[in-house]
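Input: a single structure, listed below in structure tokens.
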Amino acid sequence: MKAVTVLGSTGSIGTNTLAVLALHREQFRVFALAAHRNADKLFEQCVEFRPTYAVLASADAAMRLQHRLRAAGCPTEVLSGPRALDDVAAANEVDLVMAAIVGAAGLSASLAAARAGKRLLLANKESLVVAGDLLLQALAQGGGDLIPIDSEHSAIQQSLPDDRRHWPTDVRNIVLTASGGPFRRREVASLREATPEEACAHPNWSMGAKISVDSATMMNKALEVIEAHYLFGMRPEQIEVLIHPQSIVHSMVSYHDGSVIAQLGQPDMRTPIAYGLSYPARIASGAPWLDLARVGQLDFEQPDPQRFPGLALAFEALRMPVGACAVLNAANEIAVEAFLQRRIRFTDIHRINAELLASAQCTGCNSLEALHQLDAQTRLRAQQHVAQLA
Ligand SMILES: NC(=O)C1=CN([C@@H]2O[C@H](COP(=O)(O)OP(=O)(O)OC[C@H]3O[C@@H](n4cnc5c(N)ncnc54)[C@H](OP(=O)(O)O)[C@@H]3O)[C@@H](O)[C@H]2O)C=CC1
Ligand SMILES: CC(=O)[C@@H](O)[C@H](O)COP(=O)(O)O
Ligand SMILES: [Mn+2]
């Protein structure tokens, strides 16, 4: 029986993870569940899965949840505060950690799981974008492993040889597929009027608000380019992005002999989640079967740089000193939040990201402390841009 901690259990990835775990109660037990504020959903999850621990951000909210759980006869102990996330990620009893917190807020617990030698199921791509080298070092020191949950990176992992020594010699390049999001066919001039509701209406995937907006700007793919660089050791020029509106081909690897190996499936996150939970075995995920005759057609096209200017920022950041990716991520988190609050326009997200990356001073930002400082400074500067634009 494997013990699992689910960080971000109340979100889109968190609930999909619990849906897969519910199919395999004989193989997995839930050790801890962690959310930020959504105490009602966390309460329901605790009653169903009876974890040893639950975590909420605020001490008051945690105390109220503790009373509700006691009254419902649930033995779960409720913890609070940022250290609590690290503790439930690194606890001795834990085998697998699903890192599904959104944003750089997930970094500390990802690092804690890696240092403690856990199997890290990484949905929180921002951990690698902000501190890719440090997370890989922590994994090497801890002796655990990382299985990407992001659908494209799961696809690439499944399309690469198991023996990593073949990657540098055999692989020509990797191709990340992108759906094109809700604005693939919208008139570019009208993007400045796009609303949060329109930006969050992803054509294929049901996801949290932040990643949905990232898909609409294609900053999601920009973050995924950086994620792929760290996960698979690919140089920026070996990473290609191709629009595939059906989101059936989840990504592919192109080899020197002319072969292209891809992973296909329905756009359903339960598939990469089940793969990560059971690797190297395969277990049922609950996702529907792929019927290619019904899909009928698979289309591919080049991304339009006018419509999706954010994509180029990833390649720019990868050519800059290492902290540039952290700057891009922090700027984007603040800009997306401001857009969701209707304080800035959709097209301002890219303005803020591009301006902060262009003025980034990040030489020598190799330590966790330096990256934290850079992240905090960038957030402040991005807030100033938001205030000017609002
Ligand atoms: N959704 C998807 O299909 C995919 C998501 N990802 C990645 O997975 C991650 C999660 O995405 P998604 O599930 O969509 O996001 P959601 O917004 O749906 O969920 C986010 C989760 O993180 C929790 N959370 C938010 N902020 C904090 C914080 N400061 N401290 C602790 N917990 C926090 C939320 O708690 P609460 O509910 O209490 O606010 C919630 O449980 C992201 O990094 C995203 O890029 C990658 C590929 C696909
Ligand atoms: C499901 C998943 O992995 C998302 O990251 C997805 O890829 C978003 O879709 P886009 O391809 O539109 O960014
Ligand atoms: Mn993805």
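Convention: chains lettered A, B, ... in structure tokens order; per-chain residue numbering from 1; ligands numbered from 1 as shown.
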
**OP:** With only C-alpha atoms and all ligand atoms counted, collect every polymer residue having an atom within 10 Å of ligand 2; state the result as a ChimeraX atom specification.
**Re:** /A:13,123,125,148-155,176-184,202-207,211-224,241-247,250-251,267-270,272

Create the file for the chosen residues now, containing N, CA and C atoms and written as a compact mmCIF listing (two decimals), in the first residue's frame.
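Below you can see part.txt, which holds the result:
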```txt
# COMPACT_ATOMS: atom_id res chain seq x y z
N ILE A 13 -6.44 19.57 -10.66
CA ILE A 13 -5.56 18.38 -10.63
C ILE A 13 -5.80 17.59 -9.35
N ALA A 123 2.75 18.40 -11.10
CA ALA A 123 1.84 19.18 -11.95
C ALA A 123 2.25 20.64 -11.90
N LYS A 125 4.14 23.14 -12.61
CA LYS A 125 5.25 23.43 -13.53
C LYS A 125 6.06 24.63 -13.06
N PRO A 148 6.59 13.76 -14.49
CA PRO A 148 5.79 14.93 -14.86
C PRO A 148 4.33 14.56 -15.04
N ILE A 149 3.45 15.43 -14.56
CA ILE A 149 2.01 15.22 -14.69
C ILE A 149 1.45 16.09 -15.81
N ASP A 150 2.08 17.21 -16.08
CA ASP A 150 1.68 18.05 -17.20
C ASP A 150 1.51 17.14 -18.43
N SER A 151 0.38 17.26 -19.15
CA SER A 151 0.06 16.24 -20.16
C SER A 151 1.14 16.14 -21.24
N GLU A 152 1.72 17.29 -21.64
CA GLU A 152 2.73 17.26 -22.71
C GLU A 152 3.99 16.55 -22.24
N HIS A 153 4.38 16.81 -21.01
CA HIS A 153 5.63 16.27 -20.49
C HIS A 153 5.48 14.80 -20.13
N SER A 154 4.28 14.42 -19.71
CA SER A 154 3.99 13.01 -19.51
C SER A 154 4.09 12.30 -20.86
N ALA A 155 3.55 12.93 -21.90
CA ALA A 155 3.60 12.34 -23.25
C ALA A 155 5.04 12.18 -23.71
N LEU A 176 6.18 20.04 -28.45
CA LEU A 176 5.09 20.24 -27.49
C LEU A 176 3.85 20.66 -28.27
N THR A 177 2.75 19.95 -28.09
CA THR A 177 1.53 20.39 -28.75
C THR A 177 0.80 21.41 -27.88
N ALA A 178 0.09 22.31 -28.54
CA ALA A 178 -0.68 23.37 -27.87
C ALA A 178 -2.05 23.41 -28.52
N SER A 179 -3.08 23.56 -27.71
CA SER A 179 -4.42 23.57 -28.31
C SER A 179 -4.68 24.86 -29.11
N GLY A 180 -4.00 25.94 -28.72
CA GLY A 180 -4.31 27.26 -29.30
C GLY A 180 -5.31 28.02 -28.43
N GLY A 181 -5.90 27.29 -27.46
CA GLY A 181 -6.75 27.95 -26.47
C GLY A 181 -8.03 28.53 -27.06
N PRO A 182 -8.73 29.34 -26.28
CA PRO A 182 -10.04 29.85 -26.72
C PRO A 182 -9.93 30.94 -27.80
N PHE A 183 -8.75 31.51 -28.00
CA PHE A 183 -8.63 32.65 -28.93
C PHE A 183 -7.87 32.30 -30.21
N ARG A 184 -7.83 31.02 -30.55
CA ARG A 184 -7.05 30.58 -31.72
C ARG A 184 -7.54 31.22 -33.01
N HIS A 202 -11.65 27.28 -21.88
CA HIS A 202 -10.74 26.46 -22.69
C HIS A 202 -11.54 25.47 -23.53
N PRO A 203 -11.16 25.31 -24.83
CA PRO A 203 -11.96 24.43 -25.69
C PRO A 203 -11.89 22.95 -25.31
N ASN A 204 -10.80 22.49 -24.71
CA ASN A 204 -10.63 21.03 -24.51
C ASN A 204 -10.46 20.59 -23.07
N TRP A 205 -9.90 21.45 -22.23
CA TRP A 205 -9.55 21.02 -20.88
C TRP A 205 -10.32 21.83 -19.84
N SER A 206 -10.67 21.18 -18.73
CA SER A 206 -11.29 21.90 -17.62
C SER A 206 -10.22 22.09 -16.55
N MET A 207 -9.79 23.34 -16.35
CA MET A 207 -8.61 23.58 -15.49
C MET A 207 -8.87 24.79 -14.59
N ILE A 211 -4.11 28.70 -14.99
CA ILE A 211 -3.57 27.98 -16.16
C ILE A 211 -4.48 28.17 -17.37
N SER A 212 -5.77 28.39 -17.15
CA SER A 212 -6.67 28.62 -18.30
C SER A 212 -6.31 29.93 -19.00
N VAL A 213 -6.05 30.98 -18.21
CA VAL A 213 -5.63 32.25 -18.82
C VAL A 213 -4.27 32.07 -19.52
N ASP A 214 -3.38 31.31 -18.88
CA ASP A 214 -2.08 31.03 -19.51
C ASP A 214 -2.25 30.32 -20.85
N SER A 215 -3.24 29.45 -20.96
CA SER A 215 -3.47 28.78 -22.24
C SER A 215 -3.96 29.78 -23.28
N ALA A 216 -4.76 30.74 -22.84
CA ALA A 216 -5.30 31.74 -23.77
C ALA A 216 -4.19 32.65 -24.30
N THR A 217 -3.20 32.99 -23.45
CA THR A 217 -2.08 33.84 -23.91
C THR A 217 -0.97 33.01 -24.55
N MET A 218 -1.00 31.73 -24.32
CA MET A 218 0.05 30.75 -24.65
C MET A 218 1.26 30.88 -23.74
N MET A 219 1.11 31.63 -22.65
CA MET A 219 2.17 31.61 -21.63
C MET A 219 2.26 30.21 -21.02
N ASN A 220 1.16 29.46 -21.04
CA ASN A 220 1.24 28.08 -20.55
C ASN A 220 2.29 27.30 -21.33
N LYS A 221 2.27 27.49 -22.66
CA LYS A 221 3.25 26.76 -23.48
C LYS A 221 4.64 27.33 -23.23
N ALA A 222 4.74 28.64 -22.99
CA ALA A 222 6.05 29.23 -22.68
C ALA A 222 6.61 28.58 -21.41
N LEU A 223 5.76 28.46 -20.38
CA LEU A 223 6.23 27.83 -19.13
C LEU A 223 6.60 26.36 -19.41
N GLU A 224 5.84 25.73 -20.29
CA GLU A 224 6.09 24.31 -20.59
C GLU A 224 7.40 24.11 -21.37
N VAL A 241 7.11 24.07 -30.69
CA VAL A 241 5.70 24.13 -30.27
C VAL A 241 4.83 24.11 -31.53
N LEU A 242 3.83 23.23 -31.51
CA LEU A 242 2.97 23.06 -32.67
C LEU A 242 1.52 23.10 -32.19
N ILE A 243 0.70 23.91 -32.87
CA ILE A 243 -0.72 23.95 -32.48
C ILE A 243 -1.43 22.71 -33.02
N HIS A 244 -2.18 22.08 -32.11
CA HIS A 244 -2.95 20.88 -32.45
C HIS A 244 -4.30 21.04 -31.74
N PRO A 245 -5.29 21.59 -32.45
CA PRO A 245 -6.51 22.03 -31.77
C PRO A 245 -7.31 20.92 -31.10
N GLN A 246 -7.13 19.66 -31.51
CA GLN A 246 -7.94 18.59 -30.90
C GLN A 246 -7.39 18.12 -29.55
N SER A 247 -6.16 18.46 -29.20
CA SER A 247 -5.52 17.98 -27.96
C SER A 247 -5.67 16.46 -27.77
N HIS A 250 -0.62 14.35 -27.41
CA HIS A 250 -0.26 15.19 -26.26
C HIS A 250 1.16 15.73 -26.32
N SER A 251 1.97 15.23 -27.23
CA SER A 251 3.30 15.74 -27.56
C SER A 251 4.08 14.62 -28.22
N PRO A 267 -8.30 14.22 -24.04
CA PRO A 267 -7.83 15.30 -23.16
C PRO A 267 -8.45 15.14 -21.78
N ASP A 268 -7.82 14.32 -20.95
CA ASP A 268 -8.35 14.02 -19.62
C ASP A 268 -7.14 13.80 -18.70
N MET A 269 -6.99 14.66 -17.71
CA MET A 269 -5.80 14.62 -16.86
C MET A 269 -5.71 13.35 -16.01
N ARG A 270 -6.81 12.59 -15.91
CA ARG A 270 -6.72 11.35 -15.13
C ARG A 270 -5.73 10.37 -15.75
N PRO A 272 -2.57 11.06 -17.42
CA PRO A 272 -1.20 11.28 -16.91
C PRO A 272 -1.08 11.11 -15.39
```

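Environment of ligand 1, defined as every protein or nucleic acid residue with an atom within 6 Å of it and counting only C-alpha atoms and all ligand atoms, comprises Gly8, Ser9, Thr10, Gly11, Ser12, Ile13, Gly14, Ala35, His36, Arg37, Asn38, Ala100, Ile101, Val102, Gly103, Ala105, Ala123, Asn124, Lys125, Glu126, Asp150, Met207, Gly208, Ala209, Ile211 and Met269 of chain A.
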
File dump, residues just selected, C-alpha atoms, as a PDB file, in the first residue's frame:
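The new file part02.pdb reads:
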```pdb
ATOM      1  CA  GLY A   8      -3.638  21.395  -3.903  1.00  0.00           C
ATOM      2  CA  SER A   9      -6.266  18.675  -3.378  1.00  0.00           C
ATOM      3  CA  THR A  10      -9.243  21.038  -3.872  1.00  0.00           C
ATOM      4  CA  GLY A  11      -8.139  22.193  -7.343  1.00  0.00           C
ATOM      5  CA  SER A  12      -8.612  20.692 -10.785  1.00  0.00           C
ATOM      6  CA  ILE A  13      -5.564  18.379 -10.628  1.00  0.00           C
ATOM      7  CA  GLY A  14      -6.195  17.609  -6.948  1.00  0.00           C
ATOM      8  CA  ALA A  35      -5.646  23.311   0.249  1.00  0.00           C
ATOM      9  CA  HIS A  36      -5.282  27.061   0.557  1.00  0.00           C
ATOM     10  CA  ARG A  37      -8.721  28.377   1.617  1.00  0.00           C
ATOM     11  CA  ASN A  38     -11.433  26.026   0.379  1.00  0.00           C
ATOM     12  CA  ALA A 100      -0.715  20.409  -7.574  1.00  0.00           C
ATOM     13  CA  ILE A 101      -0.561  23.801  -5.888  1.00  0.00           C
ATOM     14  CA  VAL A 102      -0.807  26.590  -8.452  1.00  0.00           C
ATOM     15  CA  GLY A 103       2.073  29.030  -8.908  1.00  0.00           C
ATOM     16  CA  ALA A 105       3.689  28.998  -3.896  1.00  0.00           C
ATOM     17  CA  ALA A 123       1.836  19.178 -11.946  1.00  0.00           C
ATOM     18  CA  ASN A 124       3.139  22.461 -10.493  1.00  0.00           C
ATOM     19  CA  LYS A 125       5.248  23.428 -13.532  1.00  0.00           C
ATOM     20  CA  GLU A 126       6.106  26.759 -11.849  1.00  0.00           C
ATOM     21  CA  ASP A 150       1.677  18.052 -17.204  1.00  0.00           C
ATOM     22  CA  MET A 207      -8.610  23.579 -15.487  1.00  0.00           C
ATOM     23  CA  GLY A 208      -8.055  26.211 -12.788  1.00  0.00           C
ATOM     24  CA  ALA A 209      -8.373  29.898 -13.712  1.00  0.00           C
ATOM     25  CA  ILE A 211      -3.573  27.978 -16.160  1.00  0.00           C
ATOM     26  CA  MET A 269      -5.801  14.616 -16.856  1.00  0.00           C
TER      27      MET A 269
END
```

**OP:** Name the residues of range 45-165 of chain A that fall into helix (DSSP H, G or I) according to DSSP on the backbone, using the chain letters and numbers of this document, as a PyMOL selection string.
**Re:** chain A and resi 45-49+59-71+82-90+104-115+125-142+151-159+164-165

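Among the candidate residues A:Leu65, A:Leu160, A:Leu18, A:Ala89, the one lying nearest to Glu48 in chain A is A:Leu18, with distances computed using only C-alpha atoms.
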
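Closest approach to Gln238 in chain A from the set A:Leu111, A:Val130, A:Val253, A:Ile174 is made by A:Ile174, with distances taken over only C-alpha atoms.
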
Subject >> Nearby residues (only C-alpha atoms) at most 12 Å from Ala59 in chain A, same-chain spacing under 2 positions excluded, as a list in words >> reply: His36, Arg37, Ala39, Val55, Leu56, Ala57, Ala61, Ala62, Met63, Arg64, Leu65, Gln66, Val78, Leu79, Ser80, Gly81, Pro82 and Ala84 of chain A

Output of the above residues as a compact mmCIF listing (two decimals), in the first residue's frame, restricted to N, CA and C atoms:
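That gives us out31.txt:
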```txt
# COMPACT_ATOMS: atom_id res chain seq x y z
N HIS A 36 -5.64 25.71 0.11
CA HIS A 36 -5.28 27.06 0.56
C HIS A 36 -6.40 27.59 1.47
N ARG A 37 -7.62 27.77 0.87
CA ARG A 37 -8.72 28.38 1.62
C ARG A 37 -10.01 27.56 1.58
N ALA A 39 -12.13 25.40 2.62
CA ALA A 39 -12.31 24.48 3.75
C ALA A 39 -13.49 23.54 3.53
N VAL A 55 -4.25 20.17 5.57
CA VAL A 55 -3.55 21.45 5.75
C VAL A 55 -4.36 22.57 5.11
N LEU A 56 -4.50 23.68 5.86
CA LEU A 56 -5.08 24.92 5.33
C LEU A 56 -4.10 26.05 5.65
N ALA A 57 -4.20 27.16 4.90
CA ALA A 57 -3.22 28.24 5.10
C ALA A 57 -3.40 28.93 6.46
N ALA A 61 -8.89 29.12 10.20
CA ALA A 61 -9.67 28.23 9.33
C ALA A 61 -9.35 26.77 9.66
N ALA A 62 -8.09 26.50 9.96
CA ALA A 62 -7.70 25.12 10.30
C ALA A 62 -8.40 24.66 11.59
N MET A 63 -8.50 25.58 12.56
CA MET A 63 -9.15 25.22 13.83
C MET A 63 -10.64 24.92 13.62
N ARG A 64 -11.28 25.76 12.78
CA ARG A 64 -12.71 25.54 12.51
C ARG A 64 -12.92 24.21 11.79
N LEU A 65 -12.02 23.91 10.83
CA LEU A 65 -12.14 22.63 10.11
C LEU A 65 -11.93 21.45 11.08
N GLN A 66 -10.98 21.62 11.99
CA GLN A 66 -10.72 20.56 12.97
C GLN A 66 -11.99 20.24 13.78
N VAL A 78 -5.74 18.57 11.63
CA VAL A 78 -5.61 19.70 10.69
C VAL A 78 -4.44 20.59 11.09
N LEU A 79 -3.54 20.83 10.14
CA LEU A 79 -2.36 21.68 10.36
C LEU A 79 -2.54 22.97 9.57
N SER A 80 -1.69 23.96 9.86
CA SER A 80 -1.76 25.22 9.10
C SER A 80 -0.37 25.81 8.93
N GLY A 81 -0.28 26.74 7.96
CA GLY A 81 0.97 27.47 7.76
C GLY A 81 1.84 26.84 6.69
N PRO A 82 2.80 27.62 6.15
CA PRO A 82 3.62 27.15 5.02
C PRO A 82 4.53 25.97 5.38
N ALA A 84 3.80 23.57 7.25
CA ALA A 84 2.97 22.36 7.29
C ALA A 84 2.96 21.66 5.93
```

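Distances to ligand 3 were evaluated for A:Phe346, A:Asn16, A:Arg235, A:Glu227 using only C-alpha atoms and all ligand atoms, and the minimum falls at A:Glu227.
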
Original post:
Can you list every residue in range 126-247 of chain A that DSSP puts in strand (DSSP E or B), as a ChimeraX atom specification?
Top reply: /A:145-148,171-178,239-243

Subject >> All residues 12 Å or closer to Ala335 in chain A, only C-alpha atoms, same chain fewer than 3 positions away omitted, as an MDAnalysis selection string >> reply: chainID A and resid 210 213:214 217 219 328:332 338:356 378:387 389:390
